[in-house]
$ cat protein07.cif   # mmCIF, C-alpha atoms
data_model
loop_
_atom_site.label_atom_id
_atom_site.label_comp_id
_atom_site.auth_asym_id
_atom_site.auth_seq_id
_atom_site.Cartn_x
_atom_site.Cartn_y
_atom_site.Cartn_z
CA MET K 24 -52.52 13.84 -12.52
CA ALA K 25 -51.63 12.26 -9.19
CA GLY K 26 -55.06 10.68 -8.94
CA HIS K 27 -54.75 9.10 -12.36
CA SER K 28 -51.33 7.68 -11.50
CA LYS K 29 -52.61 6.33 -8.20
CA TRP K 30 -55.55 4.66 -9.93
CA ASN K 31 -53.16 2.89 -12.32
CA ASN K 32 -51.06 1.77 -9.36
CA ILE K 33 -54.16 0.42 -7.62
CA LYS K 34 -54.98 -1.60 -10.72
CA ARG K 35 -51.47 -3.03 -10.88
CA LYS K 36 -51.30 -3.86 -7.16
CA LYS K 37 -54.69 -5.50 -6.97
CA GLY K 38 -54.50 -7.24 -10.33
CA ALA K 39 -58.06 -6.15 -11.00
CA VAL K 40 -57.66 -5.39 -14.67
CA ASP K 41 -55.00 -7.76 -16.01
CA ALA K 42 -56.85 -9.22 -18.96
CA LYS K 43 -56.24 -12.84 -19.87
CA ARG K 44 -54.04 -13.28 -22.90
CA GLY K 45 -56.88 -14.15 -25.28
CA GLN K 46 -59.03 -11.26 -24.04
CA LEU K 47 -56.13 -8.87 -24.40
CA PHE K 48 -55.48 -9.94 -27.99
CA THR K 49 -59.18 -9.52 -28.80
CA LYS K 50 -59.13 -5.94 -27.52
CA LEU K 51 -55.88 -5.14 -29.33
CA SER K 52 -57.20 -6.63 -32.55
CA LYS K 53 -60.30 -4.44 -32.42
CA GLU K 54 -58.23 -1.31 -31.88
CA ILE K 55 -56.03 -2.22 -34.86
CA GLN K 56 -59.09 -2.86 -37.04
CA VAL K 57 -60.74 0.44 -36.15
CA SER K 58 -57.48 2.35 -36.58
CA ALA K 59 -56.87 0.83 -40.03
CA ARG K 60 -60.46 1.48 -41.12
CA MET K 61 -60.30 5.13 -40.09
CA GLY K 62 -56.80 6.04 -41.25
CA GLY K 63 -55.61 3.35 -43.67
CA GLY K 64 -53.44 0.28 -43.28
CA ASP K 65 -50.00 1.93 -43.39
CA PRO K 66 -48.71 2.49 -39.83
CA ASP K 67 -46.18 5.05 -41.07
CA ALA K 68 -49.00 7.22 -42.40
CA ASN K 69 -51.52 6.44 -39.64
CA PRO K 70 -50.36 7.48 -36.12
CA ARG K 71 -53.24 5.76 -34.35
CA LEU K 72 -52.52 2.49 -36.14
CA ARG K 73 -48.81 2.85 -35.43
CA LEU K 74 -49.56 3.14 -31.70
CA ALA K 75 -52.00 0.21 -31.83
CA VAL K 76 -49.44 -2.01 -33.56
CA ALA K 77 -46.69 -0.98 -31.14
CA THR K 78 -48.95 -1.79 -28.19
CA ALA K 79 -49.83 -5.17 -29.68
CA ARG K 80 -46.21 -6.06 -30.32
CA ALA K 81 -45.28 -5.03 -26.76
CA ALA K 82 -47.95 -7.50 -25.58
CA SER K 83 -46.32 -10.25 -27.70
CA MET K 84 -49.27 -10.46 -30.07
CA PRO K 85 -48.23 -12.60 -33.09
CA MET K 86 -47.48 -10.64 -36.25
CA ASP K 87 -49.93 -12.80 -38.20
CA ASN K 88 -52.72 -11.61 -35.88
CA ILE K 89 -51.69 -7.99 -36.34
CA THR K 90 -51.58 -8.29 -40.13
CA ARG K 91 -54.96 -10.02 -40.19
CA ALA K 92 -56.51 -7.28 -38.05
CA ILE K 93 -55.15 -4.58 -40.35
CA LYS K 94 -56.59 -6.34 -43.40
CA LYS K 95 -59.97 -6.65 -41.70
CA GLY K 96 -59.90 -2.95 -40.99
CA THR K 97 -59.03 -2.00 -44.56
CA GLY K 98 -61.64 -4.39 -45.98
CA GLU K 99 -59.19 -6.86 -47.49
CA LEU K 100 -60.66 -9.51 -45.19
CA GLU K 101 -64.17 -9.85 -43.82
CA GLY K 102 -64.96 -9.03 -40.21
CA GLY K 103 -63.82 -5.44 -39.79
CA GLU K 104 -67.20 -3.85 -39.06
CA ILE K 105 -66.47 -2.57 -35.56
CA ASP K 106 -68.34 0.39 -34.03
CA GLU K 107 -66.75 2.63 -31.40
CA LEU K 108 -69.04 3.82 -28.61
CA VAL K 109 -68.76 5.67 -25.31
CA TYR K 110 -70.85 4.53 -22.33
CA GLU K 111 -71.27 6.54 -19.15
CA GLY K 112 -72.40 5.30 -15.77
CA TYR K 113 -72.26 5.51 -12.01
CA GLY K 114 -71.17 2.88 -9.55
CA PRO K 115 -72.14 2.71 -5.88
CA GLY K 116 -71.24 5.81 -3.89
CA GLY K 117 -71.54 8.08 -6.93
CA VAL K 118 -68.30 6.87 -8.50
CA ALA K 119 -68.25 7.91 -12.17
CA PHE K 120 -67.30 5.52 -14.97
CA LEU K 121 -66.50 6.36 -18.58
CA LEU K 122 -66.16 3.41 -20.97
CA GLU K 123 -64.73 3.21 -24.48
CA VAL K 124 -66.29 0.28 -26.31
CA ALA K 125 -65.58 -1.43 -29.65
CA THR K 126 -68.25 -3.87 -30.80
CA ASP K 127 -69.73 -5.64 -33.80
CA ASN K 128 -73.12 -5.89 -32.05
CA THR K 129 -74.18 -2.73 -30.24
CA ASN K 130 -77.42 -4.14 -28.81
CA ARG K 131 -75.66 -7.14 -27.27
CA THR K 132 -72.87 -5.06 -25.78
CA LEU K 133 -75.23 -2.44 -24.38
CA GLY K 134 -77.33 -5.09 -22.66
CA GLU K 135 -74.35 -6.94 -21.22
CA VAL K 136 -72.60 -3.83 -19.91
CA ARG K 137 -75.82 -2.45 -18.44
CA LYS K 138 -76.28 -5.77 -16.61
CA ILE K 139 -72.80 -5.46 -15.10
CA PHE K 140 -73.66 -2.03 -13.70
CA ASP K 141 -77.03 -3.22 -12.40
CA LYS K 142 -75.53 -6.21 -10.57
CA ALA K 143 -73.02 -3.95 -8.83
CA GLY K 144 -75.70 -1.53 -7.67
CA GLY K 145 -74.75 1.07 -10.25
CA SER K 146 -76.59 2.57 -13.20
CA PHE K 147 -76.14 3.83 -16.74
CA ALA K 148 -76.06 7.60 -17.19
CA LYS K 149 -77.25 9.84 -20.00
CA SER K 150 -74.72 11.00 -22.56
CA GLY K 151 -72.70 13.86 -21.10
CA ALA K 152 -73.67 13.19 -17.48
CA VAL K 153 -70.23 11.76 -16.70
CA ALA K 154 -68.00 12.84 -19.58
CA PHE K 155 -67.68 16.42 -18.35
CA LEU K 156 -65.83 15.11 -15.27
CA PHE K 157 -62.94 13.92 -17.47
CA GLU K 158 -60.37 15.58 -19.70
CA LYS K 159 -58.69 13.83 -22.63
CA VAL K 160 -54.89 14.06 -22.55
CA GLY K 161 -51.94 12.24 -24.06
CA ILE K 162 -49.82 10.29 -21.58
CA ILE K 163 -46.33 8.94 -22.34
CA ARG K 164 -44.49 7.05 -19.58
CA PHE K 165 -40.75 6.43 -19.25
CA ASP K 166 -38.68 4.21 -16.98
CA PRO K 167 -36.64 6.36 -14.53
CA ASP K 168 -34.03 3.59 -14.39
CA ARG K 169 -33.27 4.30 -18.06
CA TYR K 170 -33.76 8.06 -18.23
CA ASP K 171 -33.53 10.84 -15.67
CA GLU K 172 -36.21 13.49 -15.48
CA ASP K 173 -33.96 16.23 -16.89
CA GLN K 174 -33.36 14.18 -20.05
CA VAL K 175 -37.05 13.62 -20.54
CA LEU K 176 -37.89 17.23 -19.69
CA GLU K 177 -35.47 18.59 -22.27
CA ALA K 178 -36.88 16.32 -24.98
CA ALA K 179 -40.44 17.15 -23.91
CA LEU K 180 -39.82 20.89 -24.18
CA GLU K 181 -38.40 20.47 -27.69
CA ALA K 182 -41.38 18.29 -28.67
CA GLY K 183 -43.98 20.72 -27.30
CA ALA K 184 -45.36 18.62 -24.45
CA ASP K 185 -47.44 20.25 -21.71
CA ASP K 186 -45.96 18.76 -18.54
CA VAL K 187 -43.42 16.30 -17.13
CA LYS K 188 -43.61 14.77 -13.66
CA THR K 189 -42.07 11.88 -11.79
CA GLU K 190 -44.85 9.86 -10.21
CA ASP K 191 -44.23 6.68 -8.26
CA ASP K 192 -42.12 4.45 -10.51
CA GLN K 193 -42.49 6.38 -13.78
CA ILE K 194 -41.62 9.65 -15.50
CA VAL K 195 -44.88 10.88 -17.00
CA VAL K 196 -45.16 13.25 -19.96
CA GLN K 197 -48.54 14.87 -20.56
CA THR K 198 -49.65 16.39 -23.87
CA ALA K 199 -52.73 17.96 -25.39
CA PRO K 200 -54.66 15.26 -27.30
CA GLN K 201 -54.05 16.93 -30.66
CA ASP K 202 -50.29 16.96 -29.97
CA PHE K 203 -50.01 13.40 -28.67
CA HIS K 204 -48.84 11.62 -31.83
CA ARG K 205 -46.47 14.45 -32.78
CA VAL K 206 -44.83 14.45 -29.33
CA GLN K 207 -44.65 10.67 -29.31
CA ALA K 208 -42.92 10.68 -32.70
CA ALA K 209 -40.48 13.36 -31.51
CA PHE K 210 -39.43 11.18 -28.57
CA GLU K 211 -38.95 8.21 -30.90
CA ARG K 212 -36.75 10.27 -33.23
CA ALA K 213 -34.69 11.37 -30.22
CA GLY K 214 -34.04 7.73 -29.33
CA PHE K 215 -36.36 7.44 -26.31
CA GLU K 216 -38.27 4.22 -25.74
CA ALA K 217 -41.50 4.70 -23.78
CA GLN K 218 -42.87 2.17 -21.30
CA SER K 219 -46.36 2.99 -22.53
CA SER K 220 -48.29 5.63 -24.48
CA GLU K 221 -52.00 6.33 -24.53
CA LEU K 222 -54.76 8.86 -24.93
CA ALA K 223 -56.26 8.90 -21.45
CA MET K 224 -59.28 10.44 -19.76
CA LEU K 225 -58.21 12.12 -16.52
CA PRO K 226 -60.86 12.84 -13.88
CA SER K 227 -61.09 16.39 -12.55
CA THR K 228 -62.65 15.35 -9.23
CA PHE K 229 -62.41 12.17 -7.16
CA VAL K 230 -64.65 10.10 -4.90
CA SER K 231 -62.77 8.83 -1.85
CA CYS K 232 -63.59 5.21 -0.98
CA ASP K 233 -63.80 3.53 2.38
CA GLU K 234 -63.02 -0.19 2.53
CA GLU K 235 -66.52 -1.38 1.62
CA LEU K 236 -66.88 1.02 -1.29
CA ALA K 237 -63.36 0.20 -2.48
CA ARG K 238 -64.17 -3.51 -2.66
CA THR K 239 -67.40 -2.88 -4.57
CA THR K 240 -65.79 -0.40 -6.96
CA LEU K 241 -62.80 -2.62 -7.72
CA GLY K 242 -65.19 -5.51 -8.33
CA LEU K 243 -67.20 -3.45 -10.81
CA LEU K 244 -64.01 -2.28 -12.49
CA GLU K 245 -62.82 -5.85 -12.86
CA LYS K 246 -66.09 -7.02 -14.43
CA LEU K 247 -66.13 -4.13 -16.88
CA GLU K 248 -62.55 -4.62 -18.02
CA GLU K 249 -63.06 -8.36 -18.40
CA HIS K 250 -65.71 -7.72 -21.07
CA ASP K 251 -64.27 -8.35 -24.54
CA ASP K 252 -65.91 -5.25 -26.04
CA VAL K 253 -64.76 -2.78 -23.38
CA GLN K 254 -61.50 -1.27 -24.57
CA HIS K 255 -60.88 1.22 -21.76
CA VAL K 256 -62.47 2.11 -18.45
CA TRP K 257 -61.87 5.45 -16.77
CA SER K 258 -63.12 6.24 -13.29
CA ASN K 259 -62.81 8.93 -10.63
CA PHE K 260 -62.52 6.76 -7.53
CA ASP K 261 -59.66 7.22 -5.09
CA ILE K 262 -58.61 4.67 -2.47
CA PRO K 263 -56.57 6.12 0.40
CA ASP K 264 -53.36 4.23 1.13
CA GLU K 265 -54.55 3.10 4.54
CA VAL K 266 -57.64 1.54 2.94
CA LEU K 267 -55.69 0.08 0.02
CA ASN K 268 -53.29 -1.68 2.38
CA ARG K 269 -56.18 -3.47 4.09
CA LEU K 270 -57.53 -4.93 0.86
CA PRO K 271 -56.51 -8.47 -0.12
CA GLY K 272 -53.72 -8.70 -2.66
#

$ encode --input "protein07.cif" --output "structure tokens"
Amino acid sequence: MAGHSKWNNIKRKKGAVDAKRGQLFTKLSKEIQVSARMGGGDPDANPRLRLAVATARAASMPMDNITRAIKKGTGELEGGEIDELVYEGYGPGGVAFLLEVATDNTNRTLGEVRKIFDKAGGSFAKSGAVAFLFEKVGIIRFDPDRYDEDQVLEAALEAGADDVKTEDDQIVVQTAPQDFHRVQAAFERAGFEAQSSELAMLPSTFVSCDEELARTTLGLLEKLEEHDDVQHVWSNFDIPDEVLNRLPG
């Protein structure tokens, strides 16, 4: 868990994955479309769509865009044919990458993402070669300035969460993937407002980076997350604090 939290902090500090506004809305729209197609257009009856809409609204995505994406997903409007794929690969130094992709053109996306890996000195991996290094979990984060850990812990126990920890500037609740939406809804009913919620892939092992490898890996990460079709990137790299502090802001 600590490694995952540190990776998110690295991303925030270095600004490597802050998508531009238009790119962010494109990614959010695709998630809404897929969620609506798979579970229907009613957020109250579709937990995945409810989370996607909440995430979009938190990012200040216009309601018209959200409604249009839902209608595309349900087939009321054209343009909702989005395929979800998982790509696996290795960066320099044996760093593992797991990508969740949403695309309307699988051949184009495959070629473009493969090119990003090749340019960075990495490579695509066969299905399953990387995935076994990660575990899917639900992650719900709370602001410790609003809630203390005991409050969150009590609510988490009642909701059936697996773990609660304070890490850096957040209180982090971890759940089994099948319990994620139920636990999230329980917190909402109890009046808690999360900073963020997601189904995440946590690495079980990490590759420690020296300064050169850190620069290369962060560059590859940035290129991958800038791609419009790449929804999420998970990796098992770790940058020690003394190396992180030497990298440019």

$ closest_atom_pairs --input "protein07.cif" --of "stretch 123-230 of chain K" --to "stretch 235-258 of chain K" --cutoff "9 Å" --atoms "all atoms listed in the file" --output "Markdown table"
| residue | atom | partner | partner_atom | distance |
| --- | --- | --- | --- | --- |
| K:Glu123 | CA | K:His255 | CA | 5.1 |
| K:Val124 | CA | K:Val253 | CA | 4.5 |
| K:Ala125 | CA | K:Asp252 | CA | 5.3 |
| K:Thr126 | CA | K:Asp252 | CA | 5.5 |
| K:Asp127 | CA | K:Asp252 | CA | 8.7 |
| K:Thr132 | CA | K:Asp252 | CA | 7.0 |
| K:Glu135 | CA | K:His250 | CA | 8.7 |
| K:Val136 | CA | K:Leu247 | CA | 7.2 |
| K:Ile139 | CA | K:Lys246 | CA | 6.9 |
| K:Phe140 | CA | K:Leu243 | CA | 7.2 |
| K:Lys142 | CA | K:Leu243 | CA | 8.8 |
| K:Ala143 | CA | K:Leu243 | CA | 6.2 |
| K:Gly144 | CA | K:Thr239 | CA | 9.0 |
| K:Gly145 | CA | K:Leu243 | CA | 8.8 |
| K:Phe157 | CA | K:Trp257 | CA | 8.6 |
| K:Ala223 | CA | K:Trp257 | CA | 8.1 |
| K:Met224 | CA | K:Trp257 | CA | 6.4 |
| K:Leu225 | CA | K:Trp257 | CA | 7.6 |
| K:Pro226 | CA | K:Ser258 | CA | 7.0 |
| K:Phe229 | CA | K:Ser258 | CA | 8.6 |

$ closest_residue --input "protein07.cif" --among "K:Lys159, K:Met86, K:Gln174, K:Ser52" --to "K:Thr198" --atoms "only C-alpha atoms"
K:Lys159

$ closest_residue --input "protein07.cif" --among "K:Ser146, K:Thr189, K:Gln46, K:Ser227" --to "K:Leu176" --atoms "only C-alpha atoms"
K:Thr189

$ closest_residue --input "protein07.cif" --among "K:Val57, K:Met84, K:Val266, K:Val195" --to "K:Val175" --atoms "only C-alpha atoms"
K:Val195

$ closest_residue --input "protein07.cif" --among "K:Val206, K:Ala75, K:Ile163, K:Ala68" --to "K:Lys50" --atoms "only C-alpha atoms"
K:Ala75

$ atom_distance --input "protein07.cif" --atom1 "atom CA of K:Asp106" --atom2 "atom CA of K:Asp65"
20.6 Å

$ atom_distance --input "protein07.cif" --atom1 "atom CA of K:Gly63" --atom2 "atom CA of K:Thr97"
6.4 Å

$ residues_around --input "protein07.cif" --residues "K:Ala208" --least-positions-apart "3" --cutoff "12 Å" --atoms "all atoms listed in the file" --output "list of chain:residue names"
K:Asp67, K:Ala68, K:Asn69, K:Pro70, K:Arg71, K:Arg73, K:Leu74, K:Ile163, K:Ala178, K:Ala179, K:Glu181, K:Ala182, K:Gly183, K:Ala184, K:Asp202, K:Phe203, K:His204, K:Arg205, K:Glu211, K:Arg212, K:Ala213, K:Gly214, K:Phe215, K:Glu216, K:Ala217, K:Ser220

$ residues_around --input "protein07.cif" --residues "K:Gln193" --least-positions-apart "3" --cutoff "9 Å" --atoms "all atoms listed in the file" --output "list in words"
Arg164, Phe165, Asp166, Pro167, Asp168, Lys188, Thr189, Glu190 and Gln218 of chain K

$ resolve_selection --input "protein07.cif" --expression "the PyMOL selection byres ((chain K and resi 91) around 12)" --output "list in words"
Leu51, Ser52, Lys53, Ile55, Gln56, Ala59, Gly64, Val76, Met84, Pro85, Met86, Asp87, Asn88, Ile89, Thr90, Ala92, Ile93, Lys94, Lys95, Gly96, Thr97, Gly98, Glu99, Leu100, Glu101, Gly102 and Gly103 of chain K

$ write_last_selection --input "protein07.cif" --atoms "C-alpha atoms" --output "PDB file, in the frame of the given file"
ATOM      1  CA  LEU K  51     -55.880  -5.140 -29.330  1.00  0.00           C
ATOM      2  CA  SER K  52     -57.200  -6.630 -32.550  1.00  0.00           C
ATOM      3  CA  LYS K  53     -60.300  -4.440 -32.420  1.00  0.00           C
ATOM      4  CA  ILE K  55     -56.030  -2.220 -34.860  1.00  0.00           C
ATOM      5  CA  GLN K  56     -59.090  -2.860 -37.040  1.00  0.00           C
ATOM      6  CA  ALA K  59     -56.870   0.830 -40.030  1.00  0.00           C
ATOM      7  CA  GLY K  64     -53.440   0.280 -43.280  1.00  0.00           C
ATOM      8  CA  VAL K  76     -49.440  -2.010 -33.560  1.00  0.00           C
ATOM      9  CA  MET K  84     -49.270 -10.460 -30.070  1.00  0.00           C
ATOM     10  CA  PRO K  85     -48.230 -12.600 -33.090  1.00  0.00           C
ATOM     11  CA  MET K  86     -47.480 -10.640 -36.250  1.00  0.00           C
ATOM     12  CA  ASP K  87     -49.930 -12.800 -38.200  1.00  0.00           C
ATOM     13  CA  ASN K  88     -52.720 -11.610 -35.880  1.00  0.00           C
ATOM     14  CA  ILE K  89     -51.690  -7.990 -36.340  1.00  0.00           C
ATOM     15  CA  THR K  90     -51.580  -8.290 -40.130  1.00  0.00           C
ATOM     16  CA  ALA K  92     -56.510  -7.280 -38.050  1.00  0.00           C
ATOM     17  CA  ILE K  93     -55.150  -4.580 -40.350  1.00  0.00           C
ATOM     18  CA  LYS K  94     -56.590  -6.340 -43.400  1.00  0.00           C
ATOM     19  CA  LYS K  95     -59.970  -6.650 -41.700  1.00  0.00           C
ATOM     20  CA  GLY K  96     -59.900  -2.950 -40.990  1.00  0.00           C
ATOM     21  CA  THR K  97     -59.030  -2.000 -44.560  1.00  0.00           C
ATOM     22  CA  GLY K  98     -61.640  -4.390 -45.980  1.00  0.00           C
ATOM     23  CA  GLU K  99     -59.190  -6.860 -47.490  1.00  0.00           C
ATOM     24  CA  LEU K 100     -60.660  -9.510 -45.190  1.00  0.00           C
ATOM     25  CA  GLU K 101     -64.170  -9.850 -43.820  1.00  0.00           C
ATOM     26  CA  GLY K 102     -64.960  -9.030 -40.210  1.00  0.00           C
ATOM     27  CA  GLY K 103     -63.820  -5.440 -39.790  1.00  0.00           C
TER      28      GLY K 103
END

$ closest_residue --input "protein07.cif" --among "K:Phe120, K:Phe210, K:Phe155, K:Tyr113" --to "K:Asn259" --atoms "all atoms listed in the file"
K:Phe120

$ atom_distance --input "protein07.cif" --atom1 "atom CA of K:Val153" --atom2 "atom CA of K:Tyr110"
9.2 Å

$ closest_residue --input "protein07.cif" --among "K:Asp171, K:Leu47, K:Leu267, K:Phe260" --to "K:Gly114" --atoms "only C-alpha atoms"
K:Phe260

$ resolve_selection --input "protein07.cif" --expression "the PyMOL selection byres ((chain K and resi 151) around 12)" --output "list of chain:residue names"
K:Val109, K:Tyr110, K:Glu111, K:Gly112, K:Ala119, K:Phe120, K:Leu121, K:Phe147, K:Ala148, K:Lys149, K:Ser150, K:Ala152, K:Val153, K:Ala154, K:Phe155, K:Leu156, K:Phe157

$ decode --input "protein07.cif" --residues "stretch 153-203 of chain K" --atoms "C-alpha atoms" --output "CSV table (one decimal), in the first residue's frame"
chain,number,residue,atom,x,y,z
K,153,VAL,CA,2.7,-8.4,-16.1
K,154,ALA,CA,-0.8,-8.7,-14.7
K,155,PHE,CA,0.1,-11.2,-12.0
K,156,LEU,CA,2.3,-8.6,-10.4
K,157,PHE,CA,-0.8,-6.5,-9.5
K,158,GLU,CA,-3.8,-6.9,-7.3
K,159,LYS,CA,-7.1,-5.2,-7.9
K,160,VAL,CA,-8.4,-3.3,-4.9
K,161,GLY,CA,-10.9,-0.6,-4.1
K,162,ILE,CA,-9.3,2.6,-2.8
K,163,ILE,CA,-11.3,5.4,-1.1
K,164,ARG,CA,-9.4,8.5,0.1
K,165,PHE,CA,-10.4,11.0,2.7
K,166,ASP,CA,-9.1,14.4,3.8
K,167,PRO,CA,-7.6,14.2,7.3
K,168,ASP,CA,-8.4,17.9,7.9
K,169,ARG,CA,-12.1,17.0,7.7
K,170,TYR,CA,-12.1,13.6,9.3
K,171,ASP,CA,-9.9,11.9,11.9
K,172,GLU,CA,-8.8,8.3,11.4
K,173,ASP,CA,-11.0,6.9,14.2
K,174,GLN,CA,-14.1,8.4,12.5
K,175,VAL,CA,-13.2,6.8,9.2
K,176,LEU,CA,-12.1,3.5,10.8
K,177,GLU,CA,-15.4,3.2,12.6
K,178,ALA,CA,-17.4,3.8,9.4
K,179,ALA,CA,-15.1,1.4,7.5
K,180,LEU,CA,-15.7,-1.4,10.0
K,181,GLU,CA,-19.4,-1.0,9.7
K,182,ALA,CA,-19.2,-0.9,5.9
K,183,GLY,CA,-17.0,-4.0,5.7
K,184,ALA,CA,-13.8,-2.5,4.4
K,185,ASP,CA,-10.5,-4.4,4.6
K,186,ASP,CA,-8.1,-1.8,5.9
K,187,VAL,CA,-7.7,1.9,6.9
K,188,LYS,CA,-4.4,3.7,7.0
K,189,THR,CA,-3.1,7.3,7.1
K,190,GLU,CA,-0.6,7.8,4.4
K,191,ASP,CA,1.0,11.1,3.7
K,192,ASP,CA,-1.8,13.6,3.4
K,193,GLN,CA,-4.7,11.2,3.1
K,194,ILE,CA,-6.7,8.6,5.1
K,195,VAL,CA,-6.9,5.6,2.8
K,196,VAL,CA,-9.6,2.9,3.0
K,197,GLN,CA,-9.0,-0.3,1.1
K,198,THR,CA,-11.7,-2.8,0.0
K,199,ALA,CA,-12.0,-6.0,-1.9
K,200,PRO,CA,-13.0,-5.1,-5.5
K,201,GLN,CA,-16.3,-6.8,-5.2
K,202,ASP,CA,-17.1,-4.7,-2.1
K,203,PHE,CA,-15.9,-1.4,-3.4
